[in-house]
file data.pdb (PDB, C-alpha atoms and all ligand atoms)
ATOM      1  CA  MET A1137     -27.366   3.042 161.508
ATOM      2  CA  SER A1138     -26.199   0.857 158.741
ATOM      3  CA  LYS A1139     -23.516   2.192 156.538
ATOM      4  CA  THR A1140     -23.941   2.002 152.835
ATOM      5  CA  ARG A1141     -20.979   0.255 151.306
ATOM      6  CA  ILE A1142     -19.742   2.223 148.395
ATOM      7  CA  GLN A1143     -18.224  -0.076 145.862
ATOM      8  CA  GLY A1144     -15.479   1.196 143.659
ATOM      9  CA  PRO A1145     -15.636   0.733 139.919
ATOM     10  CA  VAL A1146     -14.990  -2.793 138.793
ATOM     11  CA  ARG A1147     -11.486  -2.894 137.476
ATOM     12  CA  LEU A1148     -11.137  -4.921 134.345
ATOM     13  CA  THR A1149      -7.558  -5.995 134.122
ATOM     14  CA  ALA A1150      -6.365  -6.608 130.594
ATOM     15  CA  ILE A1151      -5.028 -10.071 130.028
ATOM     16  CA  SER A1152      -1.279  -9.997 129.899
ATOM     17  CA  HIS A1153       0.607 -12.253 127.537
ATOM     18  CA  LEU A1154       4.208 -13.296 127.501
ATOM     19  CA  TYR A1155       6.007 -13.037 124.169
ATOM     20  CA  ALA A1156       9.381 -14.452 123.202
ATOM     21  CA  ILE A1157      10.877 -12.007 120.708
ATOM     22  CA  ALA A1158      13.792 -13.117 118.530
ATOM     23  CA  ILE A1159      16.152 -10.223 117.856
ATOM     24  CA  GLY A1160      18.764 -10.124 115.111
ATOM     25  CA  SER A1161      21.027  -7.577 113.473
ATOM     26  CA  ASN A1162      23.818  -7.759 110.925
ATOM     27  CA  ARG A1163      24.388  -4.165 109.921
ATOM     28  CA  PRO A1164      26.048  -1.330 111.747
ATOM     29  CA  HIS A1165      23.954   1.619 112.882
ATOM     30  CA  GLY A1166      25.141   5.237 113.029
ATOM     31  CA  ARG A1167      24.223   5.622 116.693
ATOM     32  CA  TYR A1168      24.339   2.115 118.159
ATOM     33  CA  GLY A1169      27.392   0.878 116.317
ATOM     34  CA  ARG A1170      27.960  -2.800 115.621
ATOM     35  CA  PRO A1171      25.159  -5.402 115.551
ATOM     36  CA  ALA A1172      25.724  -6.367 119.208
ATOM     37  CA  GLY A1173      25.176  -2.719 120.203
ATOM     38  CA  ILE A1174      22.012  -2.607 118.126
ATOM     39  CA  VAL A1175      20.630  -5.754 119.753
ATOM     40  CA  GLN A1176      21.458  -4.270 123.161
ATOM     41  CA  ALA A1177      19.620  -1.066 122.234
ATOM     42  CA  ALA A1178      16.656  -3.082 120.928
ATOM     43  CA  ILE A1179      16.417  -4.945 124.246
ATOM     44  CA  ALA A1180      16.412  -1.614 126.099
ATOM     45  CA  ARG A1181      13.705  -0.368 123.759
ATOM     46  CA  LEU A1182      11.549  -3.476 124.307
ATOM     47  CA  ASP A1183      11.931  -2.926 128.038
ATOM     48  CA  ALA A1184      10.826   0.697 127.703
ATOM     49  CA  GLU A1185       7.856  -0.103 125.460
ATOM     50  CA  PHE A1186       6.529  -3.244 127.073
ATOM     51  CA  GLY A1187       8.262  -4.465 130.189
ATOM     52  CA  LEU A1188      11.050  -6.924 129.970
ATOM     53  CA  PHE A1189      10.565 -10.183 131.793
ATOM     54  CA  ASP A1190      13.978 -11.507 130.833
ATOM     55  CA  ALA A1191      16.565 -11.323 128.083
ATOM     56  CA  SER A1192      19.260 -13.729 126.977
ATOM     57  CA  SER A1193      22.836 -12.733 126.481
ATOM     58  CA  ILE A1194      23.779 -11.580 123.002
ATOM     59  CA  VAL A1195      25.326 -14.222 120.767
ATOM     60  CA  LEU A1196      27.410 -13.636 117.662
ATOM     61  CA  ASN A1197      26.635 -15.934 114.751
ATOM     62  CA  ALA A1198      28.258 -16.411 111.358
ATOM     63  CA  ALA A1199      26.338 -15.011 108.405
ATOM     64  CA  TYR A1200      24.062 -17.310 106.436
ATOM     65  CA  GLY A1201      22.479 -17.077 102.999
ATOM     66  CA  ALA A1202      23.200 -13.873 101.107
ATOM     67  CA  ALA A1203      23.463 -11.814 104.260
ATOM     68  CA  GLY A1204      27.234 -11.472 104.078
ATOM     69  CA  ARG A1205      27.908 -10.072 107.525
ATOM     70  CA  ASP A1206      27.866 -11.775 110.882
ATOM     71  CA  PHE A1207      24.786 -11.538 113.052
ATOM     72  CA  ALA A1208      24.209 -10.631 116.653
ATOM     73  CA  ASN A1209      21.172 -12.407 118.110
ATOM     74  CA  ALA A1210      19.250 -12.566 121.360
ATOM     75  CA  VAL A1211      15.827 -13.483 122.673
ATOM     76  CA  ALA A1212      13.783 -11.245 124.952
ATOM     77  CA  LEU A1213      10.697 -12.177 126.957
ATOM     78  CA  VAL A1214       8.269  -9.292 127.133
ATOM     79  CA  GLU A1215       4.903  -8.882 128.778
ATOM     80  CA  SER A1216       2.080  -7.190 126.955
ATOM     81  CA  ASP A1217      -1.684  -7.198 126.665
ATOM     82  CA  LEU A1218      -1.407  -6.664 122.906
ATOM     83  CA  ASP A1219      -2.756  -9.422 120.710
ATOM     84  CA  PRO A1220      -0.275 -11.026 118.269
ATOM     85  CA  ILE A1221      -1.256  -8.908 115.242
ATOM     86  CA  ALA A1222      -0.934  -5.684 117.231
ATOM     87  CA  MET A1223       2.378  -6.909 118.644
ATOM     88  CA  LEU A1224       3.709  -7.638 115.145
ATOM     89  CA  ARG A1225       2.702  -4.132 114.045
ATOM     90  CA  ARG A1226       4.569  -2.604 116.996
ATOM     91  CA  LEU A1227       7.659  -4.680 116.271
ATOM     92  CA  LYS A1228       7.635  -3.635 112.597
ATOM     93  CA  GLY A1229       7.411  -0.005 113.760
ATOM     94  CA  LEU A1230      10.392  -0.575 116.014
ATOM     95  CA  GLU A1231      12.386  -2.073 113.137
ATOM     96  CA  ARG A1232      11.620   1.030 111.095
ATOM     97  CA  ASP A1233      12.762   3.238 113.966
ATOM     98  CA  PHE A1234      16.108   1.474 113.781
ATOM     99  CA  GLY A1235      16.270   2.268 110.100
ATOM    100  CA  ARG A1236      15.582  -1.130 108.633
ATOM    101  CA  ARG A1237      15.026  -0.771 104.910
ATOM    102  CA  SER A1238      15.958  -4.053 103.323
ATOM    103  CA  SER A1239      13.089  -6.317 102.416
ATOM    104  CA  ARG A1240      15.348  -8.993 100.963
ATOM    105  CA  ARG A1241      14.757 -12.108 102.963
ATOM    106  CA  TRP A1242      18.336 -12.851 103.905
ATOM    107  CA  GLY A1243      19.675  -9.399 103.075
ATOM    108  CA  PRO A1244      21.545  -7.189 105.510
ATOM    109  CA  ARG A1245      19.275  -5.728 108.126
ATOM    110  CA  VAL A1246      19.780  -3.254 110.907
ATOM    111  CA  LEU A1247      17.197  -4.909 113.119
ATOM    112  CA  ASP A1248      14.955  -7.909 112.726
ATOM    113  CA  LEU A1249      12.297  -8.668 115.319
ATOM    114  CA  ASP A1250      10.253 -11.855 115.097
ATOM    115  CA  ILE A1251       7.665 -13.320 117.397
ATOM    116  CA  ALA A1252       9.069 -16.729 118.278
ATOM    117  CA  LEU A1253       6.399 -17.738 120.807
ATOM    118  CA  TRP A1254       3.594 -16.348 122.892
ATOM    119  CA  SER A1255       1.858 -17.636 125.974
ATOM    120  CA  GLY A1256      -1.399 -18.080 124.039
ATOM    121  CA  GLY A1257      -0.047 -21.169 122.238
ATOM    122  CA  GLY A1258      -0.587 -21.377 118.492
ATOM    123  CA  PHE A1259      -1.685 -18.445 116.350
ATOM    124  CA  ARG A1260      -2.151 -18.385 112.604
ATOM    125  CA  SER A1261      -3.311 -15.692 110.217
ATOM    126  CA  ARG A1262      -2.408 -14.663 106.705
ATOM    127  CA  ARG A1263       0.470 -12.507 107.959
ATOM    128  CA  LEU A1264       1.565 -14.206 111.103
ATOM    129  CA  ALA A1265       2.302 -17.690 112.403
ATOM    130  CA  ILE A1266       3.254 -18.456 116.003
ATOM    131  CA  PRO A1267       5.314 -20.440 116.893
ATOM    132  CA  HIS A1268       7.530 -18.890 114.221
ATOM    133  CA  PRO A1269       7.611 -21.352 111.299
ATOM    134  CA  GLN A1270      11.439 -21.465 111.227
ATOM    135  CA  LEU A1271      11.941 -21.729 114.958
ATOM    136  CA  GLU A1272      12.963 -25.395 115.108
ATOM    137  CA  ARG A1273      15.632 -24.796 112.452
ATOM    138  CA  ARG A1274      17.197 -21.707 113.975
ATOM    139  CA  SER A1275      19.790 -22.424 116.612
ATOM    140  CA  PHE A1276      20.420 -18.674 116.899
ATOM    141  CA  VAL A1277      16.888 -18.429 118.342
ATOM    142  CA  LEU A1278      16.596 -21.802 120.107
ATOM    143  CA  GLN A1279      19.877 -21.502 122.022
ATOM    144  CA  PRO A1280      19.151 -18.121 123.648
ATOM    145  CA  LEU A1281      15.506 -19.112 124.142
ATOM    146  CA  ALA A1282      16.545 -22.314 125.921
ATOM    147  CA  ALA A1283      18.888 -20.281 128.131
ATOM    148  CA  ILE A1284      16.059 -18.131 129.525
ATOM    149  CA  ALA A1285      12.938 -20.287 129.059
ATOM    150  CA  PRO A1286      14.157 -23.915 128.907
ATOM    151  CA  ASN A1287      10.822 -25.444 129.857
ATOM    152  CA  TRP A1288       8.602 -23.448 127.499
ATOM    153  CA  ARG A1289       6.705 -26.015 125.417
ATOM    154  CA  VAL A1290       7.148 -24.965 121.827
ATOM    155  CA  ARG A1291       5.240 -27.494 119.746
ATOM    156  CA  GLY A1292       3.974 -30.996 120.259
ATOM    157  CA  GLY A1293       4.917 -30.803 123.939
ATOM    158  CA  LEU A1294       8.630 -30.395 123.167
ATOM    159  CA  THR A1295      10.442 -27.825 125.264
ATOM    160  CA  ALA A1296      12.826 -25.127 124.047
ATOM    161  CA  ARG A1297      15.692 -26.965 125.739
ATOM    162  CA  HIS A1298      14.823 -30.253 124.050
ATOM    163  CA  LEU A1299      14.600 -28.609 120.601
ATOM    164  CA  ALA A1300      17.856 -26.711 121.117
ATOM    165  CA  HIS A1301      19.668 -29.933 122.068
ATOM    166  CA  ARG A1302      18.144 -31.799 119.170
ATOM    167  CA  LEU A1303      19.209 -29.152 116.672
ATOM    168  CA  ALA A1304      22.707 -28.910 118.142
ATOM    169  CA  ARG A1305      23.134 -32.669 117.702
ATOM    170  CA  ARG A1306      22.019 -32.484 114.075
ATOM    171  CA  ALA A1307      23.859 -29.360 112.970
ATOM    172  CA  PRO A1308      26.481 -28.203 115.460
ATOM    173  CA  ARG A1309      26.819 -24.753 113.816
ATOM    174  CA  GLY A1310      23.097 -24.275 113.217
TER
HETATM  175  P1  LIG B   1      10.824 -10.585 108.368
HETATM  176  O1  LIG B   1      11.580 -11.130 107.192
HETATM  177  O2  LIG B   1      11.322 -11.103 109.680
HETATM  178  O3  LIG B   1      10.698  -9.103 108.364
HETATM  179  O4  LIG B   1       9.339 -11.151 108.284
HETATM  180  C1  LIG B   1       8.557 -10.890 107.152
HETATM  181  C2  LIG B   1       7.098 -11.193 107.451
HETATM  182  O5  LIG B   1       6.941 -12.481 108.008
HETATM  183  C3  LIG B   1       6.443 -10.295 108.466
HETATM  184  O6  LIG B   1       6.087  -9.038 107.944
HETATM  185  C4  LIG B   1       5.236 -11.105 108.892
HETATM  186  O7  LIG B   1       4.087 -10.774 108.157
HETATM  187  C5  LIG B   1       5.643 -12.540 108.565
HETATM  188  N1  LIG B   1       5.638 -13.399 109.760
HETATM  189  C6  LIG B   1       5.024 -14.609 109.834
HETATM  190  N2  LIG B   1       5.171 -15.147 111.040
HETATM  191  C7  LIG B   1       5.914 -14.268 111.788
HETATM  192  C8  LIG B   1       6.377 -14.265 113.130
HETATM  193  N3  LIG B   1       6.127 -15.278 113.981
HETATM  194  N4  LIG B   1       7.100 -13.191 113.545
HETATM  195  C9  LIG B   1       7.365 -12.169 112.698
HETATM  196  N5  LIG B   1       6.941 -12.110 111.410
HETATM  197  C10 LIG B   1       6.214 -13.151 110.946
END

call {"tool": "encode", "arguments": {"input": "data.pdb", "output": "structure tokens", "more": "lines below"}}
Ligand code: AMP
result
Amino acid sequence: MSKTRIQGPVRLTAISHLYAIAIGSNRPHGRYGRPAGIVQAAIARLDAEFGLFDASSIVLNAAYGAAGRDFANAVALVESDLDPIAMLRRLKGLERDFGRRSSRRWGPRVLDLDIALWSGGGFRSRRLAIPHPQLERRSFVLQPLAAIAPNWRVRGGLTARHLAHRLARRAPRG
């Protein structure tokens, strides 16, 4: 007697992307304390919400522009099946959860989360550009990115490590 093979439902696995998220803070927070504590808490939150592939160490950087206070920065690699627009929306929600109110470009901010890169390559819409348009000019993103993903090709075949070195040679303090 031949057995009928019962086939299970076809499982459609969602495509998972890797995102490099640039994290920055230059304002204290009632619960998490100084900017470094806020960045640490943001990394934990990204891990809880998405799944952390890796995270750089937290670097302290001197203030720039009108920001006034020093920054703590890091880069986290997270895995998600969200598309870039949905990911940006989630990150903005997370910023709000940390009490970010300032909309001034260089103003003090409790938490700033940007999409530096994603595994899908380039992405461009009215609200979002990946790679992040300022990436090549920001040593506070390139340095931590190069520490955890040195061979990630950012643009024009150039790797994170190459761009970080190039920027460090041009402007040692970024
Ligand atoms: P921000 O000053 O970091 O809050 O960014 C302000 C706006 O920049 C966001 O609301 C986005 O619409 C836009 N934006 C463009 N490209 C990016 C990117 N790669 N990551 C995050 N925001 C971006």

call {"tool": "axis_aligned_box", "arguments": {"input": "data.pdb", "around": "ligand LIG 1 (chain B)", "padding_each_side": "4 Å", "output": "AutoDock Vina command-line options"}}
result
--center_x 7.8 --center_y -12.2 --center_z 110.6 --size_x 15.5 --size_y 14.2 --size_z 14.8

call {"tool": "resolve_selection", "arguments": {"input": "data.pdb", "expression": "the PyMOL selection byres (((not hetatm)) within 8 of (chain B and resi 1))", "output": "ChimeraX atom specification"}}
result
/A:1224,1228,1239-1242,1248-1253,1262-1269

call {"tool": "residues_around", "arguments": {"input": "data.pdb", "residues": "Leu1271 of chain A", "least_positions_apart": "6", "cutoff": "12 Å", "atoms": "all atoms listed in the file", "output": "list in words"}}
result
Ala1156, Ile1157, Ala1158, Val1211, Asp1250, Ile1251, Ala1252, Leu1253, Ala1265, Val1277, Leu1278, Gln1279, Pro1280, Leu1281, Ala1282, Val1290, Arg1291, Ala1296, Leu1299, Ala1300, Leu1303 and Gly1310 of chain A

call {"tool": "write_last_selection", "arguments": {"input": "data.pdb", "atoms": "C-alpha atoms", "output": "mmCIF file, keeping the file's coordinate frame"}}
result
data_model
loop_
_atom_site.group_PDB
_atom_site.id
_atom_site.type_symbol
_atom_site.label_atom_id
_atom_site.label_comp_id
_atom_site.auth_asym_id
_atom_site.auth_seq_id
_atom_site.Cartn_x
_atom_site.Cartn_y
_atom_site.Cartn_z
ATOM 1 C CA ALA A 1156 9.381 -14.452 123.202
ATOM 2 C CA ILE A 1157 10.877 -12.007 120.708
ATOM 3 C CA ALA A 1158 13.792 -13.117 118.530
ATOM 4 C CA VAL A 1211 15.827 -13.483 122.673
ATOM 5 C CA ASP A 1250 10.253 -11.855 115.097
ATOM 6 C CA ILE A 1251 7.665 -13.320 117.397
ATOM 7 C CA ALA A 1252 9.069 -16.729 118.278
ATOM 8 C CA LEU A 1253 6.399 -17.738 120.807
ATOM 9 C CA ALA A 1265 2.302 -17.690 112.403
ATOM 10 C CA VAL A 1277 16.888 -18.429 118.342
ATOM 11 C CA LEU A 1278 16.596 -21.802 120.107
ATOM 12 C CA GLN A 1279 19.877 -21.502 122.022
ATOM 13 C CA PRO A 1280 19.151 -18.121 123.648
ATOM 14 C CA LEU A 1281 15.506 -19.112 124.142
ATOM 15 C CA ALA A 1282 16.545 -22.314 125.921
ATOM 16 C CA VAL A 1290 7.148 -24.965 121.827
ATOM 17 C CA ARG A 1291 5.240 -27.494 119.746
ATOM 18 C CA ALA A 1296 12.826 -25.127 124.047
ATOM 19 C CA LEU A 1299 14.600 -28.609 120.601
ATOM 20 C CA ALA A 1300 17.856 -26.711 121.117
ATOM 21 C CA LEU A 1303 19.209 -29.152 116.672
ATOM 22 C CA GLY A 1310 23.097 -24.275 113.217
#

call {"tool": "closest_residue", "arguments": {"input": "data.pdb", "among": "A:Asn1162, A:Ser1275, A:Ser1152, A:Ser1255", "to": "Ser1216 of chain A", "atoms": "only C-alpha atoms"}}
result
A:Ser1152

call {"tool": "atom_distance", "arguments": {"input": "data.pdb", "atom1": "atom CA of Ile1174 of chain A", "atom2": "atom CA of Pro1220 of chain A"}}
result
23.8 Å

call {"tool": "resolve_selection", "arguments": {"input": "data.pdb", "expression": "the PyMOL selection byres (((chain A and resi 1177-1188) around 6) and not hetatm)", "output": "list in words"}}
result
Ile1174, Val1175, Gln1176, Phe1189, Asp1190, Val1214, Glu1215 and Ser1216 of chain A

call {"tool": "atom_distance", "arguments": {"input": "data.pdb", "atom1": "atom CA of Val1246 of chain A", "atom2": "atom CA of Phe1234 of chain A"}}
result
6.6 Å

call {"tool": "closest_residue", "arguments": {"input": "data.pdb", "among": "A:Phe1276, A:Tyr1168, A:Phe1259, A:Trp1288", "to": "Ser1193 of chain A", "atoms": "only C-alpha atoms"}}
result
A:Phe1276

call {"tool": "atom_distance", "arguments": {"input": "data.pdb", "atom1": "atom CA of Leu1227 of chain A", "atom2": "atom CA of Gly1293 of chain A"}}
result
27.4 Å

call {"tool": "closest_residue", "arguments": {"input": "data.pdb", "among": "A:Asn1197, A:Arg1260, A:Gly1173, A:Arg1245", "to": "Ile1221 of chain A", "atoms": "all atoms listed in the file"}}
result
A:Arg1260

call {"tool": "closest_residue", "arguments": {"input": "data.pdb", "among": "A:Leu1294, A:Leu1196, A:Ala1191, A:Ile1151", "to": "Pro1171 of chain A", "atoms": "all atoms listed in the file"}}
result
A:Leu1196

call {"tool": "closest_residue", "arguments": {"input": "data.pdb", "among": "A:Ala1283, A:Arg1225, A:Ala1150, A:Gly1169", "to": "Val1195 of chain A", "atoms": "only C-alpha atoms"}}
result
A:Ala1283

call {"tool": "closest_residue", "arguments": {"input": "data.pdb", "among": "A:Glu1272, A:Asp1219, A:Asp1206, A:Asp1233", "to": "His1153 of chain A", "atoms": "all atoms listed in the file"}}
result
A:Asp1219
